[in-house]
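Peer 1: For reference, the structure I am asking about is given below.
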Amino acid sequence: MTTADLPVSAPPGTGAVGRPLLEVRGLRVRYRSGGRPFEAVAGLDLTLHQGETLGLVGESGCGKSSVARAVARLEPDVSGAIVFDGQDVARTGGRALKAYRRRVGMVFQDPIASLNPRRTVRDIIATPLELAGGHDSTAIAARVGELADLVGLHPSLLDRHPHEMSGGQCQRVSIARALACVPDLLLCDEVVSALDVSIQAQVVNLLMDIREQQRLAMLFISHDLAVVRQLSDRVAVMYLGTLCEDAPVDELFARPAHPYTRALLASVPGNPTPDTALLTGDLPSPLTPPSGCRFRTRCPLARDTCAEIPPTPKQIRPDHHVACHFPIDATP
Ligand SMILES: Nc1ncnc2c1ncn2[C@@H]1O[C@H](COP(=O)(O)OP(=O)(O)OP(=O)(O)O)[C@@H](O)[C@H]1O
Ligand code: SF4
Ligand SMILES: [Mg+2]
């Protein structure tokens with residue numbers, strides 16, 4: 001097989017992948033720990049096309065949620081560009097921010113805690129519509145019914161409170177709320193992690209159906225590589241606040257070129273990755289990141305250069321980028 005034969009993209013989602021919807025450039029997200037500022041995201045680039053699903057993976061603490069929250073404009077200390085549909089929304093406020101938020105829905109990990117316990121399901125789903133304005137109560141009631149139907153919630157559940165429902169039902173409510181204003185982009189942060197395995201499959205299938213019907217783009221964050229593989233068109237791998245590698249899903253799983261991606265894939269039972277280097281040691285603290293390549297303290301291939309020069313992402317095959325000085329060539 002030549003590089004020209006490689007699938008550039010084989011979307012399991014909506015089929016055709018459109019123009020860029022979201023372009024994140026040089027994203028930095030800062031927090032403070034014990035009064036000291038540090039970067040949880042340290043200069044990250046991501047591109048998400050219309051109708052495309054991008055999986056975002058990496059160990060706990062690498063900054064995945066910080067990326068999603070920054071894109072949703074929920075983080076206060078952020079720099080870089082967040083270009084959505086051609087407009088940089090990183091610093092917009094007022095009406096423009098309100099309009100942006102309507103186009104981006106977010107679903108979080110903890111299905112019950114992310115819903116207001118004092119409101120009924122009906123009120124929870126109606127809230128974004130009320131905030132958006134322009135709908136009378138009859139239109140809102142009709143839209144809530146439509147959304148409940150879309151996410152497979154029986155109408156009898158609309159008068160319940162979150163604590164009277166299962167985790168899976170609550171996650172359906174969160175999805176309905178996120179879809180209320182017909183967004184173009186859905187940010188899904190570990191949306192199935194807290195659910196039982198059988199319920200996880202139902203929620204994953206629901207997301208796949210919805211994204212097809214609504215032509216949604218999705219940023220799908222999960223530590224479950226099997227689910228990411230099933231849902232994503234492309235996958236981006238993060239390590240300690242930086243991007244290691246991104247590629248179309250089949251390409252990434254078949255030919256991982258970054259030593260960290262290889263280690264991550266090798267940790268999945270039954271994965272036929274040829275590399276056997278398993279990940280050892282802990283993730284360093286983002287307060288004191290290693291110089292040069294942030295992965296070098298755990299990398300089996302590290303050389304002197306790696307401590308001196310931070311690697312920047314380079315294209316090694318069509319639509320496949322790797323930030324490593326010595327990427328592994330896995331061409332069969
Ligand atoms: N509000 C905060 N204040 C201080 N530090 C934070 C805050 N939120 C996140 N962090 C730190 O920033 C880093 C990145 O956190 P983040 O939650 O984005 O990681 P993650 O990849 O989503 O992890 P997980 O897989 O566990 O959800 C971690 O070191 C975390 O402890
Ligand atoms: S740049 Fe060096 S340390 Fe970093 S992943 Fe590549 S080989 Fe390993
Ligand atoms: Mg997280």
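Letters for chains follow the order of the structure tokens (A, B, ...), residue numbers begin at 1 for each chain, and ligand numbers begin at 1 in the order shown.
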Produce as a PDB file with C-alpha atoms, in the first residue's frame the set of residues near ligand 3, where near means within 8 Å with only C-alpha atoms and all ligand atoms considered.
Peer 2:
```pdb
ATOM      1  CA  SER A  60      -5.999  11.349  33.655  1.00  0.00           C
ATOM      2  CA  GLY A  61      -4.766  14.891  34.348  1.00  0.00           C
ATOM      3  CA  GLY A  63      -5.782  18.434  30.271  1.00  0.00           C
ATOM      4  CA  LYS A  64      -8.648  16.974  28.221  1.00  0.00           C
ATOM      5  CA  SER A  65     -11.446  18.531  30.285  1.00  0.00           C
ATOM      6  CA  SER A  66      -9.554  21.825  30.400  1.00  0.00           C
ATOM      7  CA  ASP A 189     -16.523  14.880  28.353  1.00  0.00           C
ATOM      8  CA  GLU A 190     -16.409  11.266  29.617  1.00  0.00           C
ATOM      9  CA  ILE A 221     -13.305  12.877  25.337  1.00  0.00           C
TER      10      ILE A 221
END
```
Peer 1: From a DSSP calculation on the backbone, collect every residue of stretch 226-277 of chain A in strand (DSSP E) and output the set as a list in words.
Peer 2: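 Assigned to strand (DSSP E), within stretch 226-277 of chain A: Arg234, Val235, Ala236, Val237, Met238, Tyr239, Thr242, Leu243, Cys244, Glu245, Asp246, Ala247 and Pro248 of chain A.
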Peer 1: Generate the output file for the selected residues, N, CA and C atoms, as a PDB file, in the first residue's frame.
Peer 2:
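Saved file selection25.pdb follows:
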```
ATOM      1  N   ARG A 234     -11.572  11.031  13.640  1.00  0.00           N
ATOM      2  CA  ARG A 234     -10.150  11.269  13.882  1.00  0.00           C
ATOM      3  C   ARG A 234      -9.912  11.225  15.385  1.00  0.00           C
ATOM      4  N   VAL A 235      -8.656  11.000  15.774  1.00  0.00           N
ATOM      5  CA  VAL A 235      -8.319  10.940  17.199  1.00  0.00           C
ATOM      6  C   VAL A 235      -7.104  11.817  17.452  1.00  0.00           C
ATOM      7  N   ALA A 236      -7.147  12.580  18.556  1.00  0.00           N
ATOM      8  CA  ALA A 236      -6.009  13.380  18.991  1.00  0.00           C
ATOM      9  C   ALA A 236      -5.551  12.853  20.346  1.00  0.00           C
ATOM     10  N   VAL A 237      -4.237  12.721  20.506  1.00  0.00           N
ATOM     11  CA  VAL A 237      -3.671  12.171  21.741  1.00  0.00           C
ATOM     12  C   VAL A 237      -2.935  13.284  22.476  1.00  0.00           C
ATOM     13  N   MET A 238      -3.285  13.463  23.737  1.00  0.00           N
ATOM     14  CA  MET A 238      -2.656  14.520  24.550  1.00  0.00           C
ATOM     15  C   MET A 238      -1.755  13.926  25.615  1.00  0.00           C
ATOM     16  N   TYR A 239      -0.680  14.657  25.930  1.00  0.00           N
ATOM     17  CA  TYR A 239       0.170  14.274  27.059  1.00  0.00           C
ATOM     18  C   TYR A 239       0.594  15.542  27.791  1.00  0.00           C
ATOM     19  N   THR A 242      -0.039  18.932  26.138  1.00  0.00           N
ATOM     20  CA  THR A 242       0.354  19.163  24.740  1.00  0.00           C
ATOM     21  C   THR A 242      -0.172  18.034  23.858  1.00  0.00           C
ATOM     22  N   LEU A 243      -0.197  18.295  22.558  1.00  0.00           N
ATOM     23  CA  LEU A 243      -0.676  17.302  21.620  1.00  0.00           C
ATOM     24  C   LEU A 243       0.486  16.440  21.137  1.00  0.00           C
ATOM     25  N   CYS A 244       0.339  15.111  21.185  1.00  0.00           N
ATOM     26  CA  CYS A 244       1.402  14.209  20.694  1.00  0.00           C
ATOM     27  C   CYS A 244       1.156  13.847  19.248  1.00  0.00           C
ATOM     28  N   GLU A 245      -0.087  13.506  18.948  1.00  0.00           N
ATOM     29  CA  GLU A 245      -0.361  12.921  17.640  1.00  0.00           C
ATOM     30  C   GLU A 245      -1.827  13.085  17.314  1.00  0.00           C
ATOM     31  N   ASP A 246      -2.141  13.310  16.034  1.00  0.00           N
ATOM     32  CA  ASP A 246      -3.535  13.216  15.608  1.00  0.00           C
ATOM     33  C   ASP A 246      -3.585  12.638  14.203  1.00  0.00           C
ATOM     34  N   ALA A 247      -4.604  11.819  13.971  1.00  0.00           N
ATOM     35  CA  ALA A 247      -4.705  11.105  12.694  1.00  0.00           C
ATOM     36  C   ALA A 247      -6.123  10.563  12.539  1.00  0.00           C
ATOM     37  N   PRO A 248      -6.513  10.194  11.309  1.00  0.00           N
ATOM     38  CA  PRO A 248      -7.787   9.486  11.143  1.00  0.00           C
ATOM     39  C   PRO A 248      -7.763   8.228  12.004  1.00  0.00           C
TER      40      PRO A 248
END
```
Peer 1: Out of A:Cys188, A:Ala263, A:Leu287, A:Ile125, which residue has the shortest atom-to-atom distance to ligand 1 when counting only C-alpha atoms and all ligand atoms?
Peer 2: A:Leu287
Peer 1: Between atom 23 (O, counted along the ligand's line) of ligand 1 and atom CA of A:Ala90, measure the distance and give it in Å to one decimal.
Peer 2: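 Taking atom 23 (O, counted along the ligand's line) of ligand 1 as the start and atom CA of A:Ala90 as the end point, the length is 22.0 Å.
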Peer 1: If we count only C-alpha atoms and set the cut-off at 8 Å, which residues sit around A:Gly167, ignoring sequence neighbours fewer than 5 positions away in its own chain? Please answer as a JSON list (two decimals) with C-alpha atoms, in the first residue's frame.
Peer 2:
```json
[["chain", "number", "residue", "atom", "x", "y", "z"],
["A", 111, "PRO", "CA", -24.96, 12.63, 34.90],
["A", 112, "ILE", "CA", -26.77, 13.27, 38.18],
["A", 194, "ALA", "CA", -19.96, 6.78, 35.08],
["A", 195, "LEU", "CA", -22.56, 4.47, 33.53]]
```
